[in-house]
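A.B. asks: Below is the structure I would like to discuss, written out as structure tokens.
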Amino acid sequence: MKKLLLSLGFISSLTLGFSEEGMLIPSLLSAFESDMQAKGMKLTADQIYSVNHSSIKDAIMHFGGGCTAELVSKKGLLLTNHHCGYSQIQSHSSLEKDYLKNGFWAKNFSEELANPGLTAARVVRIEDVTKSVLFGVKESDNESEQMMAIQKNIQKLVEDAQEGNHYKAEIRAFNYGNDFYMIIKEIFSDVRLVGTPPNSIGKFGGDTDNWVWPRHTGDFSVFRIYAGTDNKPAEYSENNVPYTPLHFLPISFKNRKKGDFTMVYGFPGSTEQHLVSDNLKYLIDQERPARIKMRELSLSVIDAAMRSSDETRIKYSAKQARIANAYKKWIGQIGGLKELNALEKKLAKEKKYLEMANSKDAWKKKYGPIIGQMNELMKTGAMADFRYQMGIEYLYVGPELFKMGRTMDRIVRDLEKWEKEGKLDEEIKRYQKGGTGFFKDFDAQVDQKIFELLTDEYHRQLKLDDFMNSKNSVQALSQSIYSKSVLIDPERYHSFLEKLSSKSLKKLDKDPGYVFYKKVRDRFMDEHLAGYRGFKQEMDRLLKVYVAGKYEMFPNEAHWADANSTLRITYGQLEGSAPRDGMAYTEHTTLDGIIQKYNTGNPDFEIKERMVELANKREYGPYAQDGELWVCFTGSNHTTGGNSGSPVLDENGYLMGLNFDRSWESTMSDYHFDASRCRNIVVDIRYVMWVMDVYSGARHLVDEMTLKK
């Protein structure tokens, strides 16, 4: 009943305007059906999500665990963003086969490229298991006892769900543990690269245009799911066949217009709408600026190196994109939160919450203290969070020396077991193969410069007096590590593996790279991670009560569970925006805009001569609308990271385009959504097909799809 009232309250608020926040759980969609149909949708909730028969749900895939993709043919053809498939594209590229620069299109099944480790997962069903998870959990028990009971219930539910089938089950907490849902998945592990446009299309605009509108990026890549002859998931084999999906998306080939219904179906990563005011202030003033600075330093080295050499460009393209994406997003977040006075609005909401809590004795006791407790916790716990976030930037995003340190940790941990089980030679070969892959895309000189800049900044930000030996400068430490360490040189690394034994591990005690890595790692794991976990657990405990108070005290207001990488739906319309005084954004861009940007001379707008020729001749094939070739459009759908590659569907459930970004003015929507300016950015499916067909000559892929006028 609580969820139904919540849904009805959300609907009543949505009727006031088409553009509204919220990421809906598909299994609850029937409560929104009438409102969506009033906005123009011609589908039923059952056609969108069903466990009794095939539905649109069955065409939506979780791609690589971090993006979304969609099936578009009966032969398992899969579309996602270019940036989602970028690591795979990069891994297949070399100076001889520069798919990043020139693109790649398989002419037949045999030319499609395998991608070890890449998965695509279909959601079989979503179940509300809150009562089962909380069965036997007593309020009188302490927190540890409650967690043990919850974990025991979860384990039993998962085991039962997986018994006798090939599915994988997981149970996720929603609303900080007020609700629990079980997600059953079918996971495919043979996903092959079919095609990609060149970077001049797939990354057109580069860092200049990232998170910016107007946009002209053909951000798509093409994969195919393969299965065993029984159409079930199977490890890679030449005997596998293209997967026959339960449902695939027809292509919306009709003309678009402002105000058209749009729906995004995908796996949004993370939002934090409930953060307390002091937490938001900390993000704006301290955490985000410090992380931006760390990434800015890395990018200053990588960007210069990529400009100097094609070999380095290929090696670092995917790494640069990963680092730069969040870097620019965070800059936009801070700007948007400040410009919209998000902190003042958060304070106003807290005042309203407190006033309502004080209106009843029961509420006053349960919810009255909660905001004050969360803000007080931020005063005492912000530094614990800051140390952790900076450690993530340094140890996991920074110099790749540390990545090889983690590899060495695994070797040290497992070596004795390998020797006892007689698997040493087998494991050495496996780690040699992994090392070859790592060093293929590694440049020690680039990494050394990153190490020096980030080590100095990490030390400065955290003010760790004993971080380094007082006798050594960062430069002296760097010189020692990068001239001697086994972690950063392929010959030293492979030589170490060839002589690997329990005795040879003693050499690591004198390896300057591994010794320094262990010092930083130990402090991070023993102090910073432990402090962060304590802070986070306590904040989550308070947020659970805070969110429960929202549900109970404001039943007619819009509430929705934060994104947590589970399948969600959001809907709105095709529309532009006016984010600033004197500025109006149109709802779509065309191929003409690509030529206009190219003529500025900015290297991020470089295109191939073929694009210029086709544009000048206006060779649009059957993909034009009123004499224009649409490239991108914007919609008023609430999206976040993880929605990359999500299908944007029309009123019939046909594919209009691939979601790939938000406008810079929208990036603060992870914390504060503003309906008047938050817009998701979509590459039009007709431009995608034009690139395949007219530009690239891959008409056979378009012929696989079903086009709907």
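A note on labels: chains of the structure tokens are A, B, ... as shown, every chain counts residues from 1, and ligands are counted from 1 in their shown order.
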Taking a cut-off of 10 Å and counting only C-alpha atoms, can you build a table that, for each residue of region 527-592 of chain A near region 36-53 of chain A, reports the nearest atom pair and how far apart they are in Å (one decimal), sorted by chain then residue number, as CSV?

C.D. replies:
```
residue,atom,partner,partner_atom,distance
A:Ile569,CA,A:Ile48,CA,9.6
A:Tyr571,CA,A:Met36,CA,7.7
A:Gly572,CA,A:Lys39,CA,8.1
A:Gln573,CA,A:Lys39,CA,8.5
```

A.B. asks: Those same residues, written as a PDB file, in the first residue's frame with C-alpha atoms?

C.D. replies:
```pdb
ATOM      1  CA  ILE A 569      12.437   3.745 -16.906  1.00  0.00           C
ATOM      2  CA  TYR A 571       9.804   9.376 -19.656  1.00  0.00           C
ATOM      3  CA  GLY A 572       9.438  12.873 -21.037  1.00  0.00           C
ATOM      4  CA  GLN A 573       9.419  14.480 -24.447  1.00  0.00           C
TER       5      GLN A 573
END
```

A.B. asks: Write out as JSON, numbers by chain the residues lying within 7 Å of Ile171 (chain A), counting only C-alpha atoms and excluding same-chain residues fewer than 4 positions away.

C.D. replies: {"A": [154, 180, 181, 182, 183]}

A.B. asks: Env of Glu296 (chain A): 10 Å cut, atoms = only C-alpha atoms, seq-sep filter 2 positions within chain, self excluded. Answer as a ChimeraX atom specification.

C.D. replies: /A:290-294,298-302,323-324,327-328,454

A.B. asks: Hey, which bits of region 488-526 of chain A sit within 8 Å of region 477-483 of chain A, and for each residue what's the closest pair of atoms and how far apart in Å (one decimal), counting only C-alpha atoms, rows by chain and increasing number, as JSON lines?

C.D. replies:
```
{"residue": "A:Ile488", "atom": "CA", "partner": "A:Tyr482", "partner_atom": "CA", "distance": 6.6}
{"residue": "A:Asp511", "atom": "CA", "partner": "A:Ile481", "partner_atom": "CA", "distance": 7.8}
{"residue": "A:Pro512", "atom": "CA", "partner": "A:Ile481", "partner_atom": "CA", "distance": 5.1}
{"residue": "A:Gly513", "atom": "CA", "partner": "A:Ile481", "partner_atom": "CA", "distance": 4.9}
```

A.B. asks: List the neighbours of Pro647 (chain A) out to 10 Å using only C-alpha atoms; skip same-chain residues closer than 4 positions along the sequence, and give me the result as a list in words.

C.D. replies: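 The residues that qualify are Ala59, Ile60, Thr68, Ala69, Glu70, Leu71, Leu79, Thr80, Leu249, Thr262, Met263, Val264, Tyr265, Gly266, Asn643, Gly653, Tyr654, Leu655, Met656, Gly657, Leu658, Asn659, Phe660, Val682 and Ile685 of chain A.
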
A.B. asks: Identify, on the basis of only C-alpha atoms, every residue whose closest approach to region 276-287 of chain A does not exceed 6 Å; exclude the query and any residue fewer than 4 positions from it along the same chain; express the result as a list in words.

C.D. replies: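 Once the adjacent positions are removed, what remains is Ile334, Lys346 and Asn375 of chain A.
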
A.B. asks: So what do you get for CA of Leu542 (chain A) versus CA of Ser144 (chain A), distance-wise?

C.D. replies: 15.8 Å

A.B. asks: Can you tell me how far CA of Ala234 (chain A) sits from CA of Lys168 (chain A), in Å to one decimal?

C.D. replies: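 Separation of CA of Ala234 (chain A) and CA of Lys168 (chain A): 13.9 Å.
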
A.B. asks: Quick one: everything within 7 Å of Val158 (chain A), counting only C-alpha atoms, minus sequence neighbours fewer than 4 positions away in the same chain. Send it as a ChimeraX atom specification.

C.D. replies: /A:154,162,169-170

A.B. asks: Please provide the set of residues having any atom within 7 Å of Gly381 (chain A), restricted to only C-alpha atoms, with same-chain residues fewer than 4 positions apart removed, written as a list in words.

C.D. replies: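 Final neighbour list, sorted by chain and number: Leu377, Asp385 and Phe535 of chain A.
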
A.B. asks: Run DSSP on the backbone and give me the residues of region 435-661 of chain A it puts in strand (DSSP E or B), as number ranges by chain.

C.D. replies: A: 568-574, 577, 585, 588-590, 625, 628, 630-635, 647-649, 655-661
